[in-house]
Amino acid sequence: MKDFMKYTLATIVGLMLFSIVMTIVSIISLAGIAASEGMSVPIGEKSILHIKLQGTIEERVADIPFSIAQITGENVAAISLENALTALEKAVSNENIVGIYMEGGALSATPAMTEELRNALLKFKESGKWIIAYGDTYSKSAYYLCSVADRVLLNPEGMLDWSGMASAPMFFKDVLEKIGVKMQVFKVGTYKSAVEPFTSTEMSDANREQVTSYLTSIWNNMLEDVAISRGTETAALNTLADSLTVMAPAQTSVEGGLVDTLCYISDVKNILKEKAEIGEDENLNFVSLDDVAKSETLQEKISE
């Protein structure tokens, strides 16, 4: 009994000490994060802004310490649109930033957000600086952004998704009936389709008409933007969209004008060094969107 009490007390004391240590570590970490907020990040000479088009684009991305993703080790990428726009605006006037390297990937974002980010990339390019894009894969959103680049590169074994717009609504009427749920809906007007998933098993003609209308508008806007950047015709881009480029050999994207060159990442590094005008033996200096967003502009330094 004495040994049991001794081990029990030792366990309790150990847990208490562990809790105290973890609390102190958390406080120090939080203090460090709070102190680092707003601090200017120095941008070295011949820096390249590296934008990874992976995950999602969100209006704002909160920097939450000790988040579930960090604890579990999951890497849920998200680009803050606010940070990205700020960074691109600062990158235009920052002489140390010579260009942008965009890395394509599985990016998912709303058309409005991708268009706003794309317009900011165009302004950067119009300033006389260069943009190089490369990817093992390009989702449609990622390619739409990367199409502004001076050169769009693709892995010889890579894939590029250039498909049209689609909508796949889900309907729950049959499921609700099976579990005994009866929906009571009140609506006025032909195009009030928000409740259809709960009252129908398929799209109504009115809903199909309005969905087709706005998807066509979005798609036509993407076609026009990409056609201008890539120096091609919207009809040719539509033909490519019908050819299932994601399943086709990478060479198809080159022949269709979506991509300039097929190459591997080692070749991309040489291209970036040439564009940045640095030696073959020198290392590339990449900076992130967050780094540039936190950097000081010349105007901000003068105002101080």
# chains A, B, ... in the order shown; residues from 1 in each chain; ligands from 1

$ select_by_dssp --residues "segment 86-264 of chain A" --states "alpha helix (DSSP H)" --output "count of residues only"
81

$ residues_around --residues "Thr137 of chain A" --least-positions-apart "3" --cutoff "9 Å" --atoms "only C-alpha atoms" --output "PyMOL selection string"
chain A and resi 104-106+134+142+154-155+158-161+246

$ closest_residue --among "A:Lys182, A:Leu215, A:Lys173, A:Val292" --to "Phe198 of chain A" --atoms "only C-alpha atoms"
A:Lys173

$ residues_around --residues "Ile271 of chain A" --least-positions-apart "5" --cutoff "12 Å" --atoms "only C-alpha atoms" --output "list in words"
Gly99, Tyr101, Trp130, Ile131, Ile132, Ala133, Tyr134, Asp150, Arg151, Val152, Leu153, Thr261, Cys263, Tyr264, Ile265, Ser266, Ala276, Glu277, Ile278, Gly279, Glu280 and Leu284 of chain A

$ write_last_selection --atoms "N, CA and C atoms" --output "PDB file, in the first residue's frame"
ATOM      1  N   GLY A  99      12.289  39.096 -59.530  1.00  0.00           N
ATOM      2  CA  GLY A  99      11.276  38.360 -60.263  1.00  0.00           C
ATOM      3  C   GLY A  99      10.465  37.444 -59.361  1.00  0.00           C
ATOM      4  N   TYR A 101       8.936  33.395 -58.949  1.00  0.00           N
ATOM      5  CA  TYR A 101       8.897  31.991 -59.350  1.00  0.00           C
ATOM      6  C   TYR A 101       7.606  31.405 -58.795  1.00  0.00           C
ATOM      7  N   TRP A 130      10.174  39.967 -64.213  1.00  0.00           N
ATOM      8  CA  TRP A 130       9.800  38.721 -64.867  1.00  0.00           C
ATOM      9  C   TRP A 130       9.076  37.756 -63.926  1.00  0.00           C
ATOM     10  N   ILE A 131       8.358  36.824 -64.550  1.00  0.00           N
ATOM     11  CA  ILE A 131       7.665  35.762 -63.821  1.00  0.00           C
ATOM     12  C   ILE A 131       7.923  34.444 -64.545  1.00  0.00           C
ATOM     13  N   ILE A 132       8.391  33.447 -63.813  1.00  0.00           N
ATOM     14  CA  ILE A 132       8.594  32.100 -64.345  1.00  0.00           C
ATOM     15  C   ILE A 132       7.691  31.143 -63.573  1.00  0.00           C
ATOM     16  N   ALA A 133       6.990  30.268 -64.296  1.00  0.00           N
ATOM     17  CA  ALA A 133       6.103  29.292 -63.654  1.00  0.00           C
ATOM     18  C   ALA A 133       6.530  27.877 -64.014  1.00  0.00           C
ATOM     19  N   TYR A 134       6.496  27.004 -63.017  1.00  0.00           N
ATOM     20  CA  TYR A 134       6.828  25.590 -63.241  1.00  0.00           C
ATOM     21  C   TYR A 134       5.939  24.736 -62.341  1.00  0.00           C
ATOM     22  N   ASP A 150       6.057  34.836 -67.974  1.00  0.00           N
ATOM     23  CA  ASP A 150       6.841  34.971 -69.200  1.00  0.00           C
ATOM     24  C   ASP A 150       7.107  33.606 -69.822  1.00  0.00           C
ATOM     25  N   ARG A 151       7.320  32.614 -68.947  1.00  0.00           N
ATOM     26  CA  ARG A 151       7.506  31.243 -69.415  1.00  0.00           C
ATOM     27  C   ARG A 151       6.742  30.305 -68.485  1.00  0.00           C
ATOM     28  N   VAL A 152       5.968  29.394 -69.078  1.00  0.00           N
ATOM     29  CA  VAL A 152       5.245  28.384 -68.303  1.00  0.00           C
ATOM     30  C   VAL A 152       5.892  27.043 -68.601  1.00  0.00           C
ATOM     31  N   LEU A 153       6.409  26.398 -67.572  1.00  0.00           N
ATOM     32  CA  LEU A 153       7.162  25.148 -67.714  1.00  0.00           C
ATOM     33  C   LEU A 153       6.405  24.010 -67.040  1.00  0.00           C
ATOM     34  N   THR A 261       7.593  24.967 -72.403  1.00  0.00           N
ATOM     35  CA  THR A 261       8.663  23.968 -72.443  1.00  0.00           C
ATOM     36  C   THR A 261       8.404  22.874 -71.415  1.00  0.00           C
ATOM     37  N   CYS A 263      10.375  20.458 -68.883  1.00  0.00           N
ATOM     38  CA  CYS A 263      11.698  20.360 -68.260  1.00  0.00           C
ATOM     39  C   CYS A 263      11.558  19.873 -66.829  1.00  0.00           C
ATOM     40  N   TYR A 264      12.709  19.533 -66.227  1.00  0.00           N
ATOM     41  CA  TYR A 264      12.730  19.077 -64.841  1.00  0.00           C
ATOM     42  C   TYR A 264      13.140  20.226 -63.924  1.00  0.00           C
ATOM     43  N   ILE A 265      12.970  20.019 -62.628  1.00  0.00           N
ATOM     44  CA  ILE A 265      13.236  21.074 -61.657  1.00  0.00           C
ATOM     45  C   ILE A 265      14.685  21.545 -61.704  1.00  0.00           C
ATOM     46  N   SER A 266      15.619  20.648 -62.025  1.00  0.00           N
ATOM     47  CA  SER A 266      17.036  21.043 -62.120  1.00  0.00           C
ATOM     48  C   SER A 266      17.236  22.069 -63.228  1.00  0.00           C
ATOM     49  N   ALA A 276      17.890  35.825 -62.908  1.00  0.00           N
ATOM     50  CA  ALA A 276      18.302  36.651 -61.773  1.00  0.00           C
ATOM     51  C   ALA A 276      19.721  37.187 -61.931  1.00  0.00           C
ATOM     52  N   GLU A 277      20.386  36.726 -62.987  1.00  0.00           N
ATOM     53  CA  GLU A 277      21.756  37.153 -63.297  1.00  0.00           C
ATOM     54  C   GLU A 277      22.723  36.839 -62.152  1.00  0.00           C
ATOM     55  N   ILE A 278      22.688  35.579 -61.720  1.00  0.00           N
ATOM     56  CA  ILE A 278      23.634  35.121 -60.699  1.00  0.00           C
ATOM     57  C   ILE A 278      24.411  33.934 -61.261  1.00  0.00           C
ATOM     58  N   GLY A 279      25.573  33.669 -60.686  1.00  0.00           N
ATOM     59  CA  GLY A 279      26.452  32.615 -61.171  1.00  0.00           C
ATOM     60  C   GLY A 279      25.889  31.226 -60.949  1.00  0.00           C
ATOM     61  N   GLU A 280      26.385  30.274 -61.727  1.00  0.00           N
ATOM     62  CA  GLU A 280      25.926  28.888 -61.623  1.00  0.00           C
ATOM     63  C   GLU A 280      26.229  28.289 -60.253  1.00  0.00           C
ATOM     64  N   LEU A 284      20.225  30.297 -55.122  1.00  0.00           N
ATOM     65  CA  LEU A 284      19.069  31.156 -55.353  1.00  0.00           C
ATOM     66  C   LEU A 284      18.547  31.662 -54.019  1.00  0.00           C
TER      67      LEU A 284
END

$ closest_residue --among "A:Pro169, A:Tyr143, A:Lys269, A:Ala206" --to "Glu282 of chain A" --atoms "only C-alpha atoms"
A:Lys269

$ atom_distance --atom1 "atom CA of Tyr191 of chain A" --atom2 "atom CA of Asn220 of chain A"
22.8 Å

$ closest_residue --among "A:Ser139, A:Thr190, A:Glu202, A:Arg60" --to "Asp174 of chain A" --atoms "only C-alpha atoms"
A:Glu202

$ atom_distance --atom1 "atom CA of Ser127 of chain A" --atom2 "atom CA of Ile97 of chain A"
11.8 Å

$ residues_around --residues "Met183 of chain A" --least-positions-apart "5" --cutoff "12 Å" --atoms "only C-alpha atoms" --output "ChimeraX atom specification"
/A:172-177,195-200

$ write_last_selection --atoms "N, CA, C and O atoms" --output "PDB file, in the first residue's frame"
ATOM      1  N   PHE A 172     -30.704  15.726 -51.242  1.00  0.00           N
ATOM      2  CA  PHE A 172     -30.867  14.954 -50.002  1.00  0.00           C
ATOM      3  C   PHE A 172     -32.301  14.497 -49.760  1.00  0.00           C
ATOM      4  O   PHE A 172     -32.596  13.948 -48.702  1.00  0.00           O
ATOM      5  N   LYS A 173     -33.192  14.716 -50.726  1.00  0.00           N
ATOM      6  CA  LYS A 173     -34.606  14.417 -50.503  1.00  0.00           C
ATOM      7  C   LYS A 173     -34.824  12.964 -50.098  1.00  0.00           C
ATOM      8  O   LYS A 173     -35.520  12.668 -49.106  1.00  0.00           O
ATOM      9  N   ASP A 174     -34.260  12.021 -50.862  1.00  0.00           N
ATOM     10  CA  ASP A 174     -34.478  10.597 -50.574  1.00  0.00           C
ATOM     11  C   ASP A 174     -33.904  10.191 -49.227  1.00  0.00           C
ATOM     12  O   ASP A 174     -34.506   9.401 -48.488  1.00  0.00           O
ATOM     13  N   VAL A 175     -32.737  10.740 -48.878  1.00  0.00           N
ATOM     14  CA  VAL A 175     -32.111  10.421 -47.594  1.00  0.00           C
ATOM     15  C   VAL A 175     -32.972  10.932 -46.451  1.00  0.00           C
ATOM     16  O   VAL A 175     -33.179  10.239 -45.441  1.00  0.00           O
ATOM     17  N   LEU A 176     -33.476  12.152 -46.595  1.00  0.00           N
ATOM     18  CA  LEU A 176     -34.315  12.739 -45.553  1.00  0.00           C
ATOM     19  C   LEU A 176     -35.593  11.926 -45.352  1.00  0.00           C
ATOM     20  O   LEU A 176     -36.054  11.734 -44.220  1.00  0.00           O
ATOM     21  N   GLU A 177     -36.155  11.440 -46.456  1.00  0.00           N
ATOM     22  CA  GLU A 177     -37.368  10.628 -46.346  1.00  0.00           C
ATOM     23  C   GLU A 177     -37.101   9.315 -45.624  1.00  0.00           C
ATOM     24  O   GLU A 177     -37.924   8.847 -44.827  1.00  0.00           O
ATOM     25  N   VAL A 195     -33.352  25.770 -52.045  1.00  0.00           N
ATOM     26  CA  VAL A 195     -33.973  24.671 -51.279  1.00  0.00           C
ATOM     27  C   VAL A 195     -34.103  23.388 -52.096  1.00  0.00           C
ATOM     28  O   VAL A 195     -34.535  22.366 -51.569  1.00  0.00           O
ATOM     29  N   GLU A 196     -33.759  23.428 -53.361  1.00  0.00           N
ATOM     30  CA  GLU A 196     -33.932  22.248 -54.219  1.00  0.00           C
ATOM     31  C   GLU A 196     -33.249  20.984 -53.712  1.00  0.00           C
ATOM     32  O   GLU A 196     -33.812  19.899 -53.835  1.00  0.00           O
ATOM     33  N   PRO A 197     -32.058  21.082 -53.128  1.00  0.00           N
ATOM     34  CA  PRO A 197     -31.421  19.846 -52.624  1.00  0.00           C
ATOM     35  C   PRO A 197     -32.273  19.102 -51.596  1.00  0.00           C
ATOM     36  O   PRO A 197     -32.092  17.892 -51.411  1.00  0.00           O
ATOM     37  N   PHE A 198     -33.192  19.802 -50.941  1.00  0.00           N
ATOM     38  CA  PHE A 198     -34.000  19.177 -49.895  1.00  0.00           C
ATOM     39  C   PHE A 198     -35.384  18.768 -50.385  1.00  0.00           C
ATOM     40  O   PHE A 198     -36.097  18.030 -49.698  1.00  0.00           O
ATOM     41  N   THR A 199     -35.762  19.234 -51.576  1.00  0.00           N
ATOM     42  CA  THR A 199     -37.110  18.966 -52.068  1.00  0.00           C
ATOM     43  C   THR A 199     -37.136  18.219 -53.394  1.00  0.00           C
ATOM     44  O   THR A 199     -38.194  17.782 -53.828  1.00  0.00           O
ATOM     45  N   SER A 200     -35.986  18.075 -54.048  1.00  0.00           N
ATOM     46  CA  SER A 200     -35.944  17.446 -55.369  1.00  0.00           C
ATOM     47  C   SER A 200     -34.822  16.414 -55.442  1.00  0.00           C
ATOM     48  O   SER A 200     -33.972  16.326 -54.556  1.00  0.00           O
TER      49      SER A 200
END

$ select_by_dssp --residues "segment 80-268 of chain A" --states "strand (DSSP E)" --output "PyMOL selection string"
chain A and resi 80+97-103+107-108+130-138+151-160+261-262

$ atom_distance --atom1 "atom CA of Glu82 of chain A" --atom2 "atom CA of Ala120 of chain A"
11.4 Å

$ closest_residue --among "A:Glu296, A:Asp205, A:Glu116, A:Glu95" --to "Ser47 of chain A" --atoms "only C-alpha atoms"
A:Glu95
